[in-house]
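Let me begin by presenting the structure, written as structure tokens, before commenting on it.
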Amino acid sequence: MRVREHTDQEFEQELRHLREQLLLMGSHVEGIIGSSLRALLERDSVLAQRAIEADRVVDRLEIEIDSLCLQILARRQPVASDLRFVTMVLKAVTDIERMGDLGVNISERVLELNREPPLKPYVDLPRMADETQMMLREALDAFVAKDADRARRVIDRDQIIDDLYAQIFRELLTYMMEEAKNVYRATRLQSIAKYLERIADHATNLAELVVFMVKGSDIRHPDSRADGGKN
Amino acid sequence: MNSQPAPDTPARISLSVSNLTVCYGAKRALGPVNMEIAEKHVTALIGPSGCGKSTFLRSLNRMNDLVLGCRVEGDVRLDGQPIYGSGVDPVEVRRRVGMVFQKSNPFPKTIFENVAYGLRIGGMRDRGEIAGRVEHALGQAALWDEVKGRLGESALGLSGGQQQRLCIARALAVEPDVLLMDEPASALDPIATAHIEELIHELARDYTVVIVTHNMQQAARVSDYTAFFYMGDLVEFASTDTIFTHPSQPRTEDYVTGRFG
């Protein structure tokens with residue numbers, strides 16, 4: 001996408017503001033997820049509590065961004081790349097907000113885990129956490145840079161996350177079968193892995209939206225589209 | 001980019017334009033343009049002032065013949081027949097390709113006579129036949145119910161929106177194949193505009209409609225295909241959905257999103 005400005009500078013400013021607010025929301029969510037995972041690895045309940053409270057800002061931004069989009073649609077009737085941008089933002093806020101909620105869920109499980117002794121040293125979970133955070137960061141960067149290739153690379157990484165989740169799940173299952181008293185902690189860890197897997201799915205959605213915004217082609221659900229996924 | 005036909009159209013082609021160039025004196029105003037206009041669909045022509053879209057529209061029914069110093073080259077075919085061929089009567093071309101202008105221009109006559117005018121100069125004499133055609137045309141222009149009780153009154157007493165629909169009825173009375181519209185709603189209020197746009201949808205069931213508009217939202221609302229002209233060239237011609245969601249040409253993108261100049 002080229003960076004030519006609108007003749008109407010006020011419109012240009014509105015779109016810029018919308019983009020900045022979406023990025024602000026994204027960075028808050030990155031913060032929540034990052035803090036929650038650090039709280040897990042460092043057994044820091046205060047940090048987990050802070051991450052839970054930070055979600056309020058994300059919720060407020062979601063409402064604000066939705067309303068900005070509606071104003072622009074009503075007053076500017078954007079078309080072409082502007083239309084794709086605004087509708088993309090409308091959908092992206094939902095994904096980003098969900099990621100924030102999942103970050104909160106991680107912290108909630110961390111608070112429960114921190115009341116118990118550690119089950120095991122974490123090996124795959126930190127790897128999965130790093131991968132997931134990287135996907136979110138890359139999806140947001142691809143959005144800023146309007147870079148469809150970068151967004152596609154995010155989508156390709158989702159398989160790594162799915163594999164890691166399967167591996168973690170198998171390992172936790174053996175802990176649970178070994179001894180019943182492990183079940184409480186193992187199910188919490190399994191939930192956290194599941195939350196990470198869900199966050200990665202939302203990051204994938206975000207990346208698909210970026211491709212749509214840049215290219216104008218919908219790459220979701222290739223099998224169920226009228227064009228048979230040719231675009 | 002110049003020669004692509006209307007994409008994904010199963011529709012028949014009504015007007016086929018090839019290598020059309022229009023010059024005013026020494027100045028090239030348009031072309032060469034290649035374009036195929038689908039039958040019984042609405043095609044919108046958009047572009048900034050002076051881009052050639054009205055010149056293009058007027059060349060579809062030889063209205064440019066009336067402009068002094070205007071030279072038209074290339075080929076325009078209506079249902080396969082060249083309209084610029086030798087021996088073709090421009091009056092007959094204009095009967096088959098009717099036109100509605102930006103400013104409604106009813107004659108200072110009764111409502112009935114405005115619509116009957118084209119029929120009478122075409123040689124129709126049978127009063128019953130004329131009355132039937134007038135009623136049918138007024139009905140197609142969605143005006144019959146509003147004027148049926150006062151067909152003998154002056155057309156100048158109608159509102160702006162009604163006058164414009166009367167002009168559409170006048171164009172329809174002679175049973176054309178194609179209706180050209182040059183900014184038909186630009187002088188009307190939003191409600192009268194909505195009536196005209198609704199009417200355009202209706203007309204596309206029976207007629208091929210080509211409309212020039214400066215109002216891009218209007219093009220998006222009423223047309224099936226959109227052609228973007230710039231500085232005398234046809235830059236992009238595609239389905240209206242494509243033009244307003246993901247145009248392929250950067251100049252089209254700049255124009256429809258308001259990033260011009």
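Here, A, B, ... name the chains of the structure tokens in the order displayed, residue numbers run from 1 inside each chain, and ligands are numbered from 1 in the same displayed order.
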Set out as JSON lines a contact list for region 98-128 of chain B and region 60-75 of chain B with a cut-off of 12 Å, giving each residue of region 98-128 of chain B that qualifies its closest atom pair and distance in Å to one decimal, counting only C-alpha atoms, ordered by chain and rising residue number.
{"residue": "B:Gly98", "atom": "CA", "partner": "B:Asn61", "partner_atom": "CA", "distance": 7.5}
{"residue": "B:Met99", "atom": "CA", "partner": "B:Asn61", "partner_atom": "CA", "distance": 8.2}
{"residue": "B:Val100", "atom": "CA", "partner": "B:Asn61", "partner_atom": "CA", "distance": 11.8}
Those residues with C-alpha atoms, as an mmCIF file, in the first residue's frame please?
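Final output, part30.cif:
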data_model
loop_
_atom_site.group_PDB
_atom_site.id
_atom_site.type_symbol
_atom_site.label_atom_id
_atom_site.label_comp_id
_atom_site.auth_asym_id
_atom_site.auth_seq_id
_atom_site.Cartn_x
_atom_site.Cartn_y
_atom_site.Cartn_z
ATOM 1 C CA GLY B 98 -31.962 8.147 -25.168
ATOM 2 C CA MET B 99 -30.474 10.781 -22.929
ATOM 3 C CA VAL B 100 -31.398 12.492 -19.656
#
Exercise. If you count only C-alpha atoms, which residues fall within 10 Å of region 121-123 of chain B, apart from same-chain ones fewer than 3 positions away, as a PyMOL selection string?
Worked result: chain B and resi 91-92+95+116-118+126+174
For this session: Residues of chain B near chain A: apply a cut-off of 10 Å, count only C-alpha atoms, and supply the list as a list in words.
Result: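 Those within range of chain A come out as Met216, Gln217, Ala220, Asp241, Thr242, Ile243, Phe244, Thr245, His246, Pro247, Ser248, Pro250, Thr252, Glu253, Asp254, Tyr255, Val256, Thr257, Gly258, Arg259, Phe260 and Gly261 of chain B.
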Exercise. What is the distance between CA of Glu153 (chain B) and CA of His195 (chain B), in Å to one decimal?
Worked result: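 Between these atoms lies a distance of 22.2 Å.
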For this session: Figure out the distance between CA of Met181 (chain B) and CA of Gly132 (chain B), please, to one decimal in Å.
Result: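 Distance reported for this atom pair: 24.7 Å.
With distances restricted to only C-alpha atoms, A:Ala129 is the closest residue to Arg38 (chain A) from A:Asp124, A:Leu23, A:Arg16, A:Ala129.
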For this session: Extract, using only C-alpha atoms, all DNA, RNA and protein residues at most 8 Å from Asn105 (chain A), discarding same-chain residues fewer than 4 positions from it, and format them as a list in words.
Result: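 What passes the distance filter is Asp101, Arg109, Ile192 and Tyr195 of chain A.
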Problem set entry | Those in region 54-223 of chain B with helix (DSSP H, G or I) from DSSP, as a ChimeraX atom specification | /B:54-59,63-66,90-96,111-121,127-140,144-150,155-157,160-173,190-203,216-222
Problem set entry | Selected residue, from A:Leu196, A:Ile63, A:Leu90, A:Ile168, that lies nearest to Ile33 (chain A) when counting only C-alpha atoms |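 Closest candidate: A:Leu196.
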Problem set entry | Spatial neighbours of Ile199 (chain A), 7 Å, only C-alpha atoms, chain gap at least 3 places, as an MDAnalysis selection string | chainID A and resid 99 102 132 195:196 202:203
Exercise. Which polymer residues have any atom within 9 Å of an atom of Asp66 (chain A), counting only C-alpha atoms, with same-chain residues fewer than 4 positions away left out, as a PyMOL selection string?
Worked result: chain A and resi 61-62+70-71+89-90+93
Output of the above residues as a short mmCIF file (atom, residue, chain, number, x, y, z; two decimals), in the first residue's frame, restricted to C-alpha atoms:
data_model
loop_
_atom_site.label_atom_id
_atom_site.label_comp_id
_atom_site.auth_asym_id
_atom_site.auth_seq_id
_atom_site.Cartn_x
_atom_site.Cartn_y
_atom_site.Cartn_z
CA LEU A 61 -10.01 1.10 24.33
CA GLU A 62 -12.18 -1.52 22.63
CA LEU A 70 -18.70 3.86 13.48
CA GLN A 71 -18.13 7.61 13.30
CA VAL A 89 -10.00 -2.55 12.71
CA LEU A 90 -13.60 -3.32 13.72
CA VAL A 93 -10.45 -5.13 18.22
#
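With only C-alpha atoms as the atoms that count, the minimum distance from Leu199 (chain B) to the choices B:Gln102, B:Ser154, B:Gln140, B:Gln81 is reached by B:Gln140.
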Exercise. Do you know which residues are at most 12 Å from Leu57 (chain B) counting only C-alpha atoms, after dropping those on the same chain fewer than 4 positions away, and could you put them as an MDAnalysis selection string?
Worked result: chainID B and resid 15 17 20 22 30 33 35 37 43:46 51:53 61:64 76 97:101 178:183 209:213 227 229
Written selection (C-alpha atoms) as a PDB file, in the first residue's frame:
ATOM      1  CA  LEU B  15     -22.680  -1.190 -26.648  1.00  0.00           C
ATOM      2  CA  VAL B  17     -16.682   0.649 -28.076  1.00  0.00           C
ATOM      3  CA  LEU B  20     -12.828   5.549 -29.668  1.00  0.00           C
ATOM      4  CA  VAL B  22     -12.663  12.273 -29.535  1.00  0.00           C
ATOM      5  CA  LEU B  30     -10.766  11.259 -24.957  1.00  0.00           C
ATOM      6  CA  VAL B  33     -11.062   3.905 -25.324  1.00  0.00           C
ATOM      7  CA  MET B  35     -15.115  -0.755 -23.523  1.00  0.00           C
ATOM      8  CA  ILE B  37     -21.217  -2.161 -21.904  1.00  0.00           C
ATOM      9  CA  THR B  43     -22.682   1.211 -15.863  1.00  0.00           C
ATOM     10  CA  ALA B  44     -21.388   4.282 -14.029  1.00  0.00           C
ATOM     11  CA  LEU B  45     -18.720   6.611 -15.414  1.00  0.00           C
ATOM     12  CA  ILE B  46     -16.709   8.438 -12.769  1.00  0.00           C
ATOM     13  CA  CYS B  51     -11.596  13.558 -17.498  1.00  0.00           C
ATOM     14  CA  GLY B  52     -13.644  12.784 -20.600  1.00  0.00           C
ATOM     15  CA  LYS B  53     -16.542  10.906 -19.044  1.00  0.00           C
ATOM     16  CA  ASN B  61     -25.552   8.531 -29.106  1.00  0.00           C
ATOM     17  CA  ARG B  62     -23.725  10.872 -31.477  1.00  0.00           C
ATOM     18  CA  MET B  63     -24.509  13.954 -29.449  1.00  0.00           C
ATOM     19  CA  ASN B  64     -20.942  15.061 -30.138  1.00  0.00           C
ATOM     20  CA  VAL B  76     -19.154   2.285 -31.473  1.00  0.00           C
ATOM     21  CA  VAL B  97     -30.016   5.617 -27.233  1.00  0.00           C
ATOM     22  CA  GLY B  98     -31.962   8.147 -25.168  1.00  0.00           C
ATOM     23  CA  MET B  99     -30.474  10.781 -22.929  1.00  0.00           C
ATOM     24  CA  VAL B 100     -31.398  12.492 -19.656  1.00  0.00           C
ATOM     25  CA  PHE B 101     -29.505  15.596 -18.637  1.00  0.00           C
ATOM     26  CA  VAL B 178     -30.126   2.395 -23.916  1.00  0.00           C
ATOM     27  CA  LEU B 179     -30.591   5.292 -21.540  1.00  0.00           C
ATOM     28  CA  LEU B 180     -27.700   7.698 -21.007  1.00  0.00           C
ATOM     29  CA  MET B 181     -27.858   9.853 -17.890  1.00  0.00           C
ATOM     30  CA  ASP B 182     -25.581  12.822 -17.323  1.00  0.00           C
ATOM     31  CA  GLU B 183     -25.620  13.556 -13.593  1.00  0.00           C
ATOM     32  CA  VAL B 209     -28.274   2.381 -18.386  1.00  0.00           C
ATOM     33  CA  VAL B 210     -25.063   4.408 -18.560  1.00  0.00           C
ATOM     34  CA  ILE B 211     -24.762   7.131 -15.953  1.00  0.00           C
ATOM     35  CA  VAL B 212     -22.203   9.876 -15.401  1.00  0.00           C
ATOM     36  CA  THR B 213     -21.981  11.011 -11.810  1.00  0.00           C
ATOM     37  CA  ALA B 227     -15.507   2.917 -15.271  1.00  0.00           C
ATOM     38  CA  PHE B 229     -11.714   7.996 -16.453  1.00  0.00           C
TER      39      PHE B 229
END
For this session: Determine the nearest neighbour of Val104 (chain A) from the options A:Met128, A:Val123, A:Ala54, A:Met88, counting only C-alpha atoms.
Result: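 The shortest atom-to-atom distance to Val104 (chain A) comes from A:Ala54.
When CA of Glu236 (chain B) is paired with CA of His221 (chain A), their separation reads 29.5 Å.
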For this session: Please provide the set of residues having any atom within 6 Å of region 77-79 of chain B, restricted to only C-alpha atoms, with same-chain residues fewer than 4 positions apart removed, written as a PyMOL selection string.
Result: chain B and resi 14-16+83
Could you turn the residues from that selection into a file that holds C-alpha atoms, as a PDB file, in the first residue's frame?
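File produced: part-v4.pdb:
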ATOM      1  CA  SER B  14     -25.264  -3.787 -25.672  1.00  0.00           C
ATOM      2  CA  LEU B  15     -22.680  -1.190 -26.648  1.00  0.00           C
ATOM      3  CA  SER B  16     -19.258  -2.134 -27.858  1.00  0.00           C
ATOM      4  CA  ILE B  83     -23.601   3.864 -35.047  1.00  0.00           C
TER       5      ILE B  83
END
